[in-house]
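Text of final-v1.cif, listed as mmCIF, C-alpha atoms:
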```cif
data_upload
#
loop_
_atom_site.group_PDB
_atom_site.id
_atom_site.type_symbol
_atom_site.label_atom_id
_atom_site.label_comp_id
_atom_site.auth_asym_id
_atom_site.auth_seq_id
_atom_site.Cartn_x
_atom_site.Cartn_y
_atom_site.Cartn_z
ATOM 1 C CA MET A 1 30.156 -12.797 21.705
ATOM 2 C CA THR A 2 26.448 -12.719 22.447
ATOM 3 C CA SER A 3 24.248 -13.956 25.261
ATOM 4 C CA LYS A 4 20.894 -15.524 24.494
ATOM 5 C CA HIS A 5 17.701 -15.835 26.558
ATOM 6 C CA THR A 6 14.037 -15.187 26.081
ATOM 7 C CA HIS A 7 12.097 -12.495 27.883
ATOM 8 C CA PRO A 8 9.710 -13.613 30.686
ATOM 9 C CA LEU A 9 6.872 -11.890 28.824
ATOM 10 C CA LEU A 10 7.110 -14.628 26.199
ATOM 11 C CA HIS A 11 6.742 -17.498 28.647
ATOM 12 C CA GLY A 12 3.598 -19.500 29.277
ATOM 13 C CA TRP A 13 0.117 -18.056 28.964
ATOM 14 C CA ARG A 14 1.219 -14.552 27.919
ATOM 15 C CA PHE A 15 2.746 -15.700 24.661
ATOM 16 C CA ARG A 16 -0.147 -18.067 23.995
ATOM 17 C CA ALA A 17 -2.577 -15.192 24.583
ATOM 18 C CA MET A 18 -0.712 -13.005 22.102
ATOM 19 C CA LEU A 19 -0.759 -15.768 19.508
ATOM 20 C CA LEU A 20 -4.493 -16.253 20.132
ATOM 21 C CA ILE A 21 -5.106 -12.544 19.437
ATOM 22 C CA VAL A 22 -3.193 -12.832 16.172
ATOM 23 C CA LEU A 23 -5.127 -15.976 15.229
ATOM 24 C CA LEU A 24 -8.543 -14.439 15.975
ATOM 25 C CA SER A 25 -7.652 -11.345 13.962
ATOM 26 C CA ALA A 26 -6.526 -13.527 11.069
ATOM 27 C CA ILE A 27 -9.852 -15.410 11.174
ATOM 28 C CA GLY A 28 -11.676 -12.080 11.048
ATOM 29 C CA TYR A 29 -9.601 -11.083 8.065
ATOM 30 C CA LEU A 30 -10.425 -14.342 6.341
ATOM 31 C CA ALA A 31 -14.113 -13.521 6.826
ATOM 32 C CA PHE A 32 -13.507 -10.121 5.213
ATOM 33 C CA SER A 33 -11.912 -11.881 2.222
ATOM 34 C CA LEU A 34 -14.881 -14.216 1.912
ATOM 35 C CA TRP A 35 -17.271 -11.249 2.021
ATOM 36 C CA GLY A 36 -15.523 -9.708 -0.960
ATOM 37 C CA GLY A 37 -15.618 -12.939 -2.914
ATOM 38 C CA TRP A 38 -13.077 -15.643 -2.194
ATOM 39 C CA HIS A 39 -12.830 -16.635 -5.853
ATOM 40 C CA GLU A 40 -11.850 -13.084 -6.824
ATOM 41 C CA VAL A 41 -9.190 -12.963 -4.111
ATOM 42 C CA VAL A 42 -7.708 -16.276 -5.230
ATOM 43 C CA ALA A 43 -7.853 -15.184 -8.872
ATOM 44 C CA ALA A 44 -6.054 -11.960 -7.956
ATOM 45 C CA LEU A 45 -3.356 -13.926 -6.131
ATOM 46 C CA VAL A 46 -2.883 -16.131 -9.194
ATOM 47 C CA THR A 47 -2.687 -13.066 -11.436
ATOM 48 C CA VAL A 48 -0.070 -11.372 -9.261
ATOM 49 C CA GLY A 49 1.828 -14.665 -9.063
ATOM 50 C CA ILE A 50 4.901 -15.612 -7.065
ATOM 51 C CA THR A 51 7.107 -12.988 -8.686
ATOM 52 C CA GLY A 52 4.622 -10.193 -8.082
ATOM 53 C CA THR A 53 4.079 -11.310 -4.496
ATOM 54 C CA LEU A 54 7.825 -11.344 -3.853
ATOM 55 C CA ILE A 55 8.144 -7.836 -5.308
ATOM 56 C CA ALA A 56 5.378 -6.559 -3.002
ATOM 57 C CA LEU A 57 6.960 -8.265 0.013
ATOM 58 C CA ALA A 58 10.375 -6.849 -0.904
ATOM 59 C CA LEU A 59 8.934 -3.327 -0.997
ATOM 60 C CA SER A 60 7.367 -3.943 2.418
ATOM 61 C CA LEU A 61 10.781 -5.020 3.701
ATOM 62 C CA VAL A 62 12.157 -1.716 2.432
ATOM 63 C CA ASN A 63 9.544 -0.002 4.612
ATOM 64 C CA TYR A 64 10.501 -1.970 7.730
ATOM 65 C CA LEU A 65 14.264 -1.644 7.250
ATOM 66 C CA VAL A 66 14.216 2.085 6.483
ATOM 67 C CA ARG A 67 12.096 2.718 9.555
ATOM 68 C CA PHE A 68 14.455 0.545 11.627
ATOM 69 C CA VAL A 69 17.437 2.638 10.524
ATOM 70 C CA ARG A 70 15.558 5.736 11.692
ATOM 71 C CA TRP A 71 14.623 3.984 14.969
ATOM 72 C CA GLN A 72 18.281 3.131 15.602
ATOM 73 C CA LYS A 73 19.215 6.743 14.912
ATOM 74 C CA TYR A 74 16.671 7.976 17.455
ATOM 75 C CA LEU A 75 18.098 5.584 20.062
ATOM 76 C CA SER A 76 21.558 6.922 19.284
ATOM 77 C CA ILE A 77 20.407 10.520 19.758
ATOM 78 C CA LEU A 78 19.166 9.596 23.246
ATOM 79 C CA GLY A 79 22.577 8.122 24.031
ATOM 80 C CA HIS A 80 21.976 4.408 23.453
ATOM 81 C CA GLN A 81 23.904 2.138 21.107
ATOM 82 C CA VAL A 82 21.884 -1.077 21.181
ATOM 83 C CA TYR A 83 23.564 -4.043 19.467
ATOM 84 C CA TRP A 84 21.951 -3.734 16.051
ATOM 85 C CA PRO A 85 20.936 -7.400 15.433
ATOM 86 C CA GLU A 86 19.099 -7.370 18.774
ATOM 87 C CA SER A 87 17.685 -3.903 18.110
ATOM 88 C CA LEU A 88 16.371 -5.133 14.751
ATOM 89 C CA ARG A 89 14.783 -8.156 16.438
ATOM 90 C CA ILE A 90 13.118 -5.871 18.986
ATOM 91 C CA TYR A 91 11.883 -3.481 16.324
ATOM 92 C CA ILE A 92 10.403 -6.255 14.176
ATOM 93 C CA ALA A 93 8.939 -7.950 17.270
ATOM 94 C CA GLY A 94 6.840 -4.833 17.827
ATOM 95 C CA PHE A 95 4.981 -5.608 14.597
ATOM 96 C CA GLY A 96 3.780 -8.901 16.068
ATOM 97 C CA LEU A 97 1.294 -7.008 18.229
ATOM 98 C CA THR A 98 0.350 -4.362 15.673
ATOM 99 C CA ILE A 99 -3.183 -5.727 15.763
ATOM 100 C CA LEU A 100 -3.704 -4.590 19.356
ATOM 101 C CA PRO A 101 -5.804 -1.412 19.758
ATOM 102 C CA GLY A 102 -4.125 1.875 18.921
ATOM 103 C CA LYS A 103 -0.366 1.427 18.809
ATOM 104 C CA ALA A 104 -0.152 -0.228 22.224
ATOM 105 C CA GLY A 105 1.181 -3.475 20.776
ATOM 106 C CA GLU A 106 4.250 -1.871 19.234
ATOM 107 C CA ALA A 107 5.099 -0.342 22.617
ATOM 108 C CA ILE A 108 6.206 -3.842 23.692
ATOM 109 C CA ARG A 109 9.599 -2.757 22.349
ATOM 110 C CA SER A 110 10.043 -0.760 25.552
ATOM 111 C CA VAL A 111 9.840 -3.962 27.592
ATOM 112 C CA PHE A 112 12.627 -5.545 25.554
ATOM 113 C CA LEU A 113 14.767 -2.394 25.484
ATOM 114 C CA LYS A 114 14.654 -2.215 29.284
ATOM 115 C CA ASN A 115 17.108 -5.129 29.285
ATOM 116 C CA HIS A 116 19.501 -2.947 27.285
ATOM 117 C CA ASN A 117 19.638 -0.071 29.772
ATOM 118 C CA VAL A 118 17.047 2.027 27.919
ATOM 119 C CA SER A 119 14.576 3.494 30.404
ATOM 120 C CA TYR A 120 10.859 3.412 29.715
ATOM 121 C CA PRO A 121 10.589 7.207 29.226
ATOM 122 C CA GLU A 122 13.453 7.093 26.714
ATOM 123 C CA SER A 123 12.172 4.091 24.742
ATOM 124 C CA LEU A 124 8.650 5.523 24.710
ATOM 125 C CA ALA A 125 10.117 8.813 23.482
ATOM 126 C CA VAL A 126 11.738 6.937 20.599
ATOM 127 C CA PHE A 127 8.410 5.206 19.949
ATOM 128 C CA PHE A 128 6.580 8.554 20.004
ATOM 129 C CA SER A 129 9.166 10.116 17.654
ATOM 130 C CA ASP A 130 8.893 7.155 15.298
ATOM 131 C CA GLN A 131 5.094 7.299 15.190
ATOM 132 C CA LEU A 132 4.951 11.083 14.777
ATOM 133 C CA SER A 133 7.451 10.933 11.912
ATOM 134 C CA ASN A 134 5.306 8.222 10.304
ATOM 135 C CA LEU A 135 2.180 10.342 10.713
ATOM 136 C CA ILE A 136 3.771 13.425 9.155
ATOM 137 C CA SER A 137 5.184 11.403 6.249
ATOM 138 C CA ILE A 138 1.834 9.748 5.533
ATOM 139 C CA MET A 139 0.044 13.096 5.712
ATOM 140 C CA LEU A 140 2.520 14.500 3.175
ATOM 141 C CA LEU A 141 1.833 11.574 0.824
ATOM 142 C CA VAL A 142 -1.897 12.200 1.245
ATOM 143 C CA SER A 143 -1.348 15.879 0.444
ATOM 144 C CA VAL A 144 0.389 14.999 -2.822
ATOM 145 C CA GLY A 145 -2.763 13.235 -3.974
ATOM 146 C CA LEU A 146 -5.216 15.785 -2.606
ATOM 147 C CA TRP A 147 -3.446 18.780 -4.142
ATOM 148 C CA ALA A 148 -4.793 17.804 -7.561
ATOM 149 C CA TYR A 149 -8.279 18.701 -6.297
ATOM 150 C CA PRO A 150 -8.719 22.453 -5.596
ATOM 151 C CA GLN A 151 -11.661 21.800 -3.266
ATOM 152 C CA ALA A 152 -9.404 19.651 -1.082
ATOM 153 C CA GLN A 153 -6.555 22.153 -0.787
ATOM 154 C CA PRO A 154 -8.005 23.827 2.368
ATOM 155 C CA VAL A 155 -7.874 20.391 4.022
ATOM 156 C CA ILE A 156 -4.168 20.199 3.220
ATOM 157 C CA ILE A 157 -3.612 23.631 4.755
ATOM 158 C CA VAL A 158 -5.397 22.484 7.935
ATOM 159 C CA MET A 159 -3.288 19.309 8.031
ATOM 160 C CA GLY A 160 -0.144 21.380 7.644
ATOM 161 C CA GLY A 161 -1.281 23.654 10.473
ATOM 162 C CA ILE A 162 -1.827 20.657 12.753
ATOM 163 C CA ILE A 163 1.650 19.307 12.019
ATOM 164 C CA LEU A 164 3.237 22.709 12.592
ATOM 165 C CA GLY A 165 1.316 23.142 15.849
ATOM 166 C CA ILE A 166 2.506 19.761 17.159
ATOM 167 C CA LEU A 167 6.124 20.497 16.255
ATOM 168 C CA LEU A 168 6.005 23.936 17.871
ATOM 169 C CA PHE A 169 4.482 22.445 21.024
ATOM 170 C CA LEU A 170 7.343 19.943 21.246
ATOM 171 C CA GLN A 171 9.836 22.810 21.292
ATOM 172 C CA GLN A 172 8.255 24.623 24.268
ATOM 173 C CA THR A 173 10.433 23.231 27.035
ATOM 174 C CA LYS A 174 9.564 25.961 29.558
ATOM 175 C CA TRP A 175 5.824 25.484 29.020
ATOM 176 C CA LEU A 176 6.139 21.747 29.474
ATOM 177 C CA GLN A 177 8.218 22.100 32.622
ATOM 178 C CA ALA A 178 5.754 24.647 34.024
ATOM 179 C CA LEU A 179 2.856 22.280 33.289
ATOM 180 C CA GLU A 180 4.762 19.502 35.039
ATOM 181 C CA ALA A 181 5.284 21.667 38.128
ATOM 182 C CA ILE A 182 1.607 22.655 38.243
ATOM 183 C CA ALA A 183 0.538 19.008 37.950
ATOM 184 C CA GLN A 184 2.799 17.992 40.837
ATOM 185 C CA ARG A 185 1.483 20.789 43.073
ATOM 186 C CA LYS A 186 -2.222 20.760 42.230
ATOM 187 C CA LEU A 187 -3.189 17.223 41.234
ATOM 188 C CA PRO A 188 -3.534 13.944 43.171
ATOM 189 C CA ALA A 189 -0.557 11.608 43.050
ATOM 190 C CA LYS A 190 -1.693 9.255 40.252
ATOM 191 C CA PRO A 191 -2.767 11.905 37.683
ATOM 192 C CA ALA A 192 0.334 13.923 38.553
ATOM 193 C CA ARG A 193 2.580 10.917 37.883
ATOM 194 C CA LEU A 194 0.834 10.261 34.590
ATOM 195 C CA ILE A 195 1.270 13.849 33.415
ATOM 196 C CA THR A 196 4.864 13.978 34.657
ATOM 197 C CA SER A 197 5.739 10.753 32.842
ATOM 198 C CA SER A 198 4.068 11.979 29.636
ATOM 199 C CA ILE A 199 5.959 15.274 29.756
ATOM 200 C CA GLU A 200 9.217 13.420 30.391
ATOM 201 C CA ILE A 201 8.590 11.353 27.265
ATOM 202 C CA VAL A 202 7.872 14.489 25.217
ATOM 203 C CA LEU A 203 11.001 16.211 26.528
ATOM 204 C CA HIS A 204 13.122 13.224 25.550
ATOM 205 C CA SER A 205 11.519 13.084 22.098
ATOM 206 C CA LYS A 206 12.229 16.801 21.595
ATOM 207 C CA ARG A 207 15.843 15.846 20.915
ATOM 208 C CA CYS A 208 14.677 13.821 17.905
ATOM 209 C CA PHE A 209 12.934 16.841 16.378
ATOM 210 C CA SER A 210 15.694 19.353 15.883
ATOM 211 C CA LEU A 211 15.475 20.694 12.320
ATOM 212 C CA PRO A 212 18.102 18.344 10.794
ATOM 213 C CA MET A 213 16.606 15.301 12.534
ATOM 214 C CA LEU A 214 13.077 16.390 11.663
ATOM 215 C CA LEU A 215 13.947 16.499 7.965
ATOM 216 C CA TYR A 216 15.802 13.193 8.274
ATOM 217 C CA GLY A 217 12.893 11.473 10.025
ATOM 218 C CA ILE A 218 10.291 12.725 7.563
ATOM 219 C CA GLY A 219 12.498 11.914 4.579
ATOM 220 C CA MET A 220 13.019 8.356 5.784
ATOM 221 C CA GLY A 221 9.273 8.066 6.386
ATOM 222 C CA LEU A 222 8.508 9.200 2.839
ATOM 223 C CA ILE A 223 10.865 6.546 1.475
ATOM 224 C CA ALA A 224 9.412 3.851 3.740
ATOM 225 C CA TRP A 225 5.713 4.516 3.159
ATOM 226 C CA GLY A 226 6.318 5.437 -0.457
ATOM 227 C CA ALA A 227 7.755 1.942 -0.973
ATOM 228 C CA GLU A 228 4.528 0.328 0.231
ATOM 229 C CA GLY A 229 2.524 2.800 -1.864
ATOM 230 C CA ILE A 230 4.516 1.670 -4.903
ATOM 231 C CA ALA A 231 3.744 -1.944 -3.970
ATOM 232 C CA PHE A 232 0.045 -1.039 -4.009
ATOM 233 C CA TYR A 233 0.445 0.701 -7.380
ATOM 234 C CA TYR A 234 2.272 -2.362 -8.718
ATOM 235 C CA ILE A 235 -0.497 -4.721 -7.565
ATOM 236 C CA MET A 236 -3.167 -2.505 -9.148
ATOM 237 C CA HIS A 237 -1.180 -2.368 -12.398
ATOM 238 C CA VAL A 238 -0.760 -6.168 -12.497
ATOM 239 C CA LEU A 239 -4.500 -6.563 -11.894
ATOM 240 C CA GLY A 240 -5.177 -4.470 -14.994
ATOM 241 C CA SER A 241 -5.881 -1.025 -13.559
ATOM 242 C CA ASP A 242 -4.588 2.076 -15.342
ATOM 243 C CA MET A 243 -4.462 4.018 -12.060
ATOM 244 C CA THR A 244 -1.690 6.620 -11.852
ATOM 245 C CA LEU A 245 1.064 6.405 -9.262
ATOM 246 C CA GLN A 246 -0.152 9.658 -7.689
ATOM 247 C CA THR A 247 -3.649 8.219 -7.212
ATOM 248 C CA ALA A 248 -2.311 4.921 -5.864
ATOM 249 C CA LEU A 249 -0.069 6.688 -3.352
ATOM 250 C CA PHE A 250 -2.987 8.833 -2.224
ATOM 251 C CA ILE A 251 -5.387 5.897 -1.799
ATOM 252 C CA TYR A 252 -2.830 3.857 0.124
ATOM 253 C CA ALA A 253 -1.635 6.713 2.341
ATOM 254 C CA PHE A 254 -5.130 8.050 3.065
ATOM 255 C CA SER A 255 -6.371 4.557 3.947
ATOM 256 C CA MET A 256 -3.431 4.089 6.312
ATOM 257 C CA LEU A 257 -4.133 7.504 7.850
ATOM 258 C CA VAL A 258 -7.786 6.630 8.483
ATOM 259 C CA GLY A 259 -6.730 3.334 10.024
ATOM 260 C CA ALA A 260 -4.201 5.075 12.276
ATOM 261 C CA ILE A 261 -6.557 7.739 13.625
ATOM 262 C CA SER A 262 -9.337 5.179 14.125
ATOM 263 C CA PHE A 263 -7.201 3.515 16.861
ATOM 264 C CA LEU A 264 -8.631 0.183 15.730
ATOM 265 C CA PRO A 265 -6.255 -2.798 16.085
ATOM 266 C CA GLY A 266 -3.795 -2.455 13.204
ATOM 267 C CA GLY A 267 -6.301 -0.148 11.557
ATOM 268 C CA LEU A 268 -8.343 -3.271 10.803
ATOM 269 C CA GLY A 269 -11.674 -2.390 9.265
ATOM 270 C CA GLY A 270 -11.064 1.332 8.895
ATOM 271 C CA THR A 271 -8.132 0.954 6.499
ATOM 272 C CA GLU A 272 -9.826 -1.734 4.432
ATOM 273 C CA ALA A 273 -13.198 0.018 4.190
ATOM 274 C CA THR A 274 -11.524 3.266 3.136
ATOM 275 C CA MET A 275 -9.343 1.561 0.555
ATOM 276 C CA VAL A 276 -12.242 -0.379 -0.969
ATOM 277 C CA ALA A 277 -14.407 2.763 -1.098
ATOM 278 C CA LEU A 278 -11.688 4.843 -2.772
ATOM 279 C CA LEU A 279 -10.969 2.102 -5.297
ATOM 280 C CA MET A 280 -14.642 1.863 -6.168
ATOM 281 C CA LEU A 281 -14.743 5.651 -6.612
ATOM 282 C CA ASN A 282 -11.949 5.146 -9.126
ATOM 283 C CA ASN A 283 -14.070 2.725 -11.172
ATOM 284 C CA ILE A 284 -12.788 -0.528 -9.678
ATOM 285 C CA ASP A 285 -15.626 -3.003 -9.127
ATOM 286 C CA GLN A 286 -16.194 -4.249 -5.583
ATOM 287 C CA PRO A 287 -14.799 -7.814 -5.927
ATOM 288 C CA HIS A 288 -11.553 -6.547 -7.469
ATOM 289 C CA ALA A 289 -11.356 -3.656 -4.986
ATOM 290 C CA VAL A 290 -11.650 -6.107 -2.087
ATOM 291 C CA ALA A 291 -9.163 -8.491 -3.725
ATOM 292 C CA ALA A 292 -6.589 -5.725 -4.212
ATOM 293 C CA THR A 293 -7.110 -4.535 -0.631
ATOM 294 C CA VAL A 294 -6.656 -8.041 0.767
ATOM 295 C CA LEU A 295 -3.487 -8.534 -1.282
ATOM 296 C CA ILE A 296 -1.801 -5.303 -0.227
ATOM 297 C CA ARG A 297 -2.734 -5.824 3.428
ATOM 298 C CA LEU A 298 -1.381 -9.377 3.330
ATOM 299 C CA ALA A 299 1.862 -8.015 1.867
ATOM 300 C CA THR A 300 2.134 -5.202 4.414
ATOM 301 C CA LEU A 301 0.229 -5.592 7.693
ATOM 302 C CA TRP A 302 0.030 -9.378 7.883
ATOM 303 C CA PHE A 303 3.557 -9.886 6.574
ATOM 304 C CA ALA A 304 4.748 -7.577 9.372
ATOM 305 C CA VAL A 305 2.655 -9.441 11.967
ATOM 306 C CA ALA A 306 4.132 -12.784 10.843
ATOM 307 C CA LEU A 307 7.675 -11.436 11.033
ATOM 308 C CA GLY A 308 6.891 -9.910 14.425
ATOM 309 C CA VAL A 309 5.631 -13.190 15.904
ATOM 310 C CA ILE A 310 8.785 -14.928 14.663
ATOM 311 C CA ALA A 311 10.995 -12.183 16.108
ATOM 312 C CA MET A 312 9.225 -12.335 19.498
ATOM 313 C CA SER A 313 9.892 -16.068 19.725
ATOM 314 C CA MET A 314 13.602 -15.679 18.944
ATOM 315 C CA PRO A 315 16.146 -15.630 21.795
ATOM 316 C CA GLU A 316 17.702 -12.352 22.832
ATOM 317 C CA ARG A 317 21.100 -11.511 21.373
ATOM 318 C CA LYS A 318 23.114 -9.063 23.437
ATOM 319 C CA SER A 319 26.599 -7.855 22.631
ATOM 320 C CA ASP A 320 29.218 -8.058 25.363
ATOM 321 C CA LYS A 321 30.105 -4.451 24.570
ATOM 322 C CA LEU A 322 28.575 -1.556 26.537
ATOM 323 C CA GLU A 323 25.294 -0.686 24.855
ATOM 324 C CA SER A 324 24.603 2.772 26.219
ATOM 325 C CA SER A 325 26.619 5.808 27.078
#
```
What does this structure look like when you write it as structure tokens?
Amino acid sequence: MTSKHTHPLLHGWRFRAMLLIVLLSAIGYLAFSLWGGWHEVVAALVTVGITGTLIALALSLVNYLVRFVRWQKYLSILGHQVYWPESLRIYIAGFGLTILPGKAGEAIRSVFLKNHNVSYPESLAVFFSDQLSNLISIMLLVSVGLWAYPQAQPVIIVMGGIILGILLFLQQTKWLQALEAIAQRKLPAKPARLITSSIEIVLHSKRCFSLPMLLYGIGMGLIAWGAEGIAFYYIMHVLGSDMTLQTALFIYAFSMLVGAISFLPGGLGGTEATMVALLMLNNIDQPHAVAATVLIRLATLWFAVALGVIAMSMPERKSDKLESS
């Protein structure tokens, strides 16, 4: 048995505003395609064909589903067993607002999870754990490509140090609790609440970063982002490039990393510019570099956005069974 209703957030002007944001971003992306040469983009689509497009989309689905399995595991660790069809809908719905600045759009999942007895600090902790695992996995894929260049190896060491520092910080419960106490005593009410809420989120997420779960989360991330990297390699191969898989994984992962740290909506602009530049450095002419970039982003980012908009418009499905312990 399930109960079905839509969330108030998706009623009236709010949902129309979200769709307008998606539409405006899509128009901007169309302009980017035209800048690179619309004929080349169309020719690339024809070359890849229906079969190639379906393969790329299937590999993107692998990314989404593997990350969902990890997401569900994180919820379970925090004591919540959300009915999985509804949890999947919520997870995919977060992609519908990927094009909002930073990762704010994906945090809409917390609004939906609130109806399933998952508090905001807990759902945001799952979101934080999910994003940090993604970041570490992408940085590892970048490192695989960079390691072939001795001059870049110090960068990898610095990246590794940053990751280690973040993970060690997450384990310092006493420090975090002491910082929380200081904030409550010394700061005005609003900043104190902000710091307290942030620390509460970090303390919840700490449970997702025990050593076994850390390895699990990173491993799942490598599979997920590796699948989209393979899709990029496949598209480049079909378009006639002799690029190696190692190079393709590096270009894709590094472009995604630049897009993520730029905090631009969905990485728009930063990801594409980086990908085009790296492809041109690997002897791909500009029209084909832009065409390949447009294709892989249509098969990854925009495919996710489309699925997310559909998922947001679907009614809620909630099991009659207790969903949290």
Selection result for the PyMOL selection byres ((chain A and resi 168-182) around 10) on this file, as a PyMOL selection string: chain A and resi 162-167+183-187+192-193+195-200+202-207+209-210
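Counting only C-alpha atoms and comparing A:Ala107, A:Ala299, A:Ala260, A:Ile92, the residue that lies closest to A:Val48 is A:Ala299.
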Selection under test: the PyMOL selection byres ((chain A and resi 229-237) around 7); residues as a PyMOL selection string: chain A and resi 48+56+59+225-228+238-242+245+248-249+252+292+296
Report as CSV the residues of stretch 222-269 of chain A within 12 Å of stretch 126-133 of chain A, each with its shortest atom pair and distance in Å (one decimal), using all atoms listed in the file, ordered by chain and increasing residue number.
```
residue,atom,partner,partner_atom,distance
A:Leu222,CA,A:Ser133,CA,9.3
A:Ile223,CA,A:Ser133,CA,11.8
A:Ala224,CA,A:Ser133,CA,11.0
A:Trp225,CA,A:Ser133,CA,11.0
A:Leu257,CA,A:Gln131,CA,11.8
A:Ala260,CA,A:Gln131,CA,10.0
A:Ile261,CA,A:Gln131,CA,11.8
```
Contact residues around A:Ile108 with all atoms listed in the file at 9 Å, ignoring same-chain residues under 2 positions, as an NGL selection string: :A and (90 or 93-94 or 97 or 104-106 or 110-113)
Write out, as a PDB file, in the coordinates of the input, the residues just selected, with C-alpha atoms.
```pdb
ATOM      1  CA  ILE A  90      13.118  -5.871  18.986  1.00  0.00           C
ATOM      2  CA  ALA A  93       8.939  -7.950  17.270  1.00  0.00           C
ATOM      3  CA  GLY A  94       6.840  -4.833  17.827  1.00  0.00           C
ATOM      4  CA  LEU A  97       1.294  -7.008  18.229  1.00  0.00           C
ATOM      5  CA  ALA A 104      -0.152  -0.228  22.224  1.00  0.00           C
ATOM      6  CA  GLY A 105       1.181  -3.475  20.776  1.00  0.00           C
ATOM      7  CA  GLU A 106       4.250  -1.871  19.234  1.00  0.00           C
ATOM      8  CA  SER A 110      10.043  -0.760  25.552  1.00  0.00           C
ATOM      9  CA  VAL A 111       9.840  -3.962  27.592  1.00  0.00           C
ATOM     10  CA  PHE A 112      12.627  -5.545  25.554  1.00  0.00           C
ATOM     11  CA  LEU A 113      14.767  -2.394  25.484  1.00  0.00           C
TER      12      LEU A 113
END
```
Using all atoms of stretch 137-144 of chain A that appear in the file, construct an axis-aligned enclosing box with 8 Å of padding on every side and provide its centre coordinates and edge lengths in Å, rounded to one decimal, as lines of an AutoDock Vina configuration file.
```
center_x = 1.6
center_y = 12.8
center_z = 1.7
size_x = 23.1
size_y = 22.1
size_z = 25.1
```
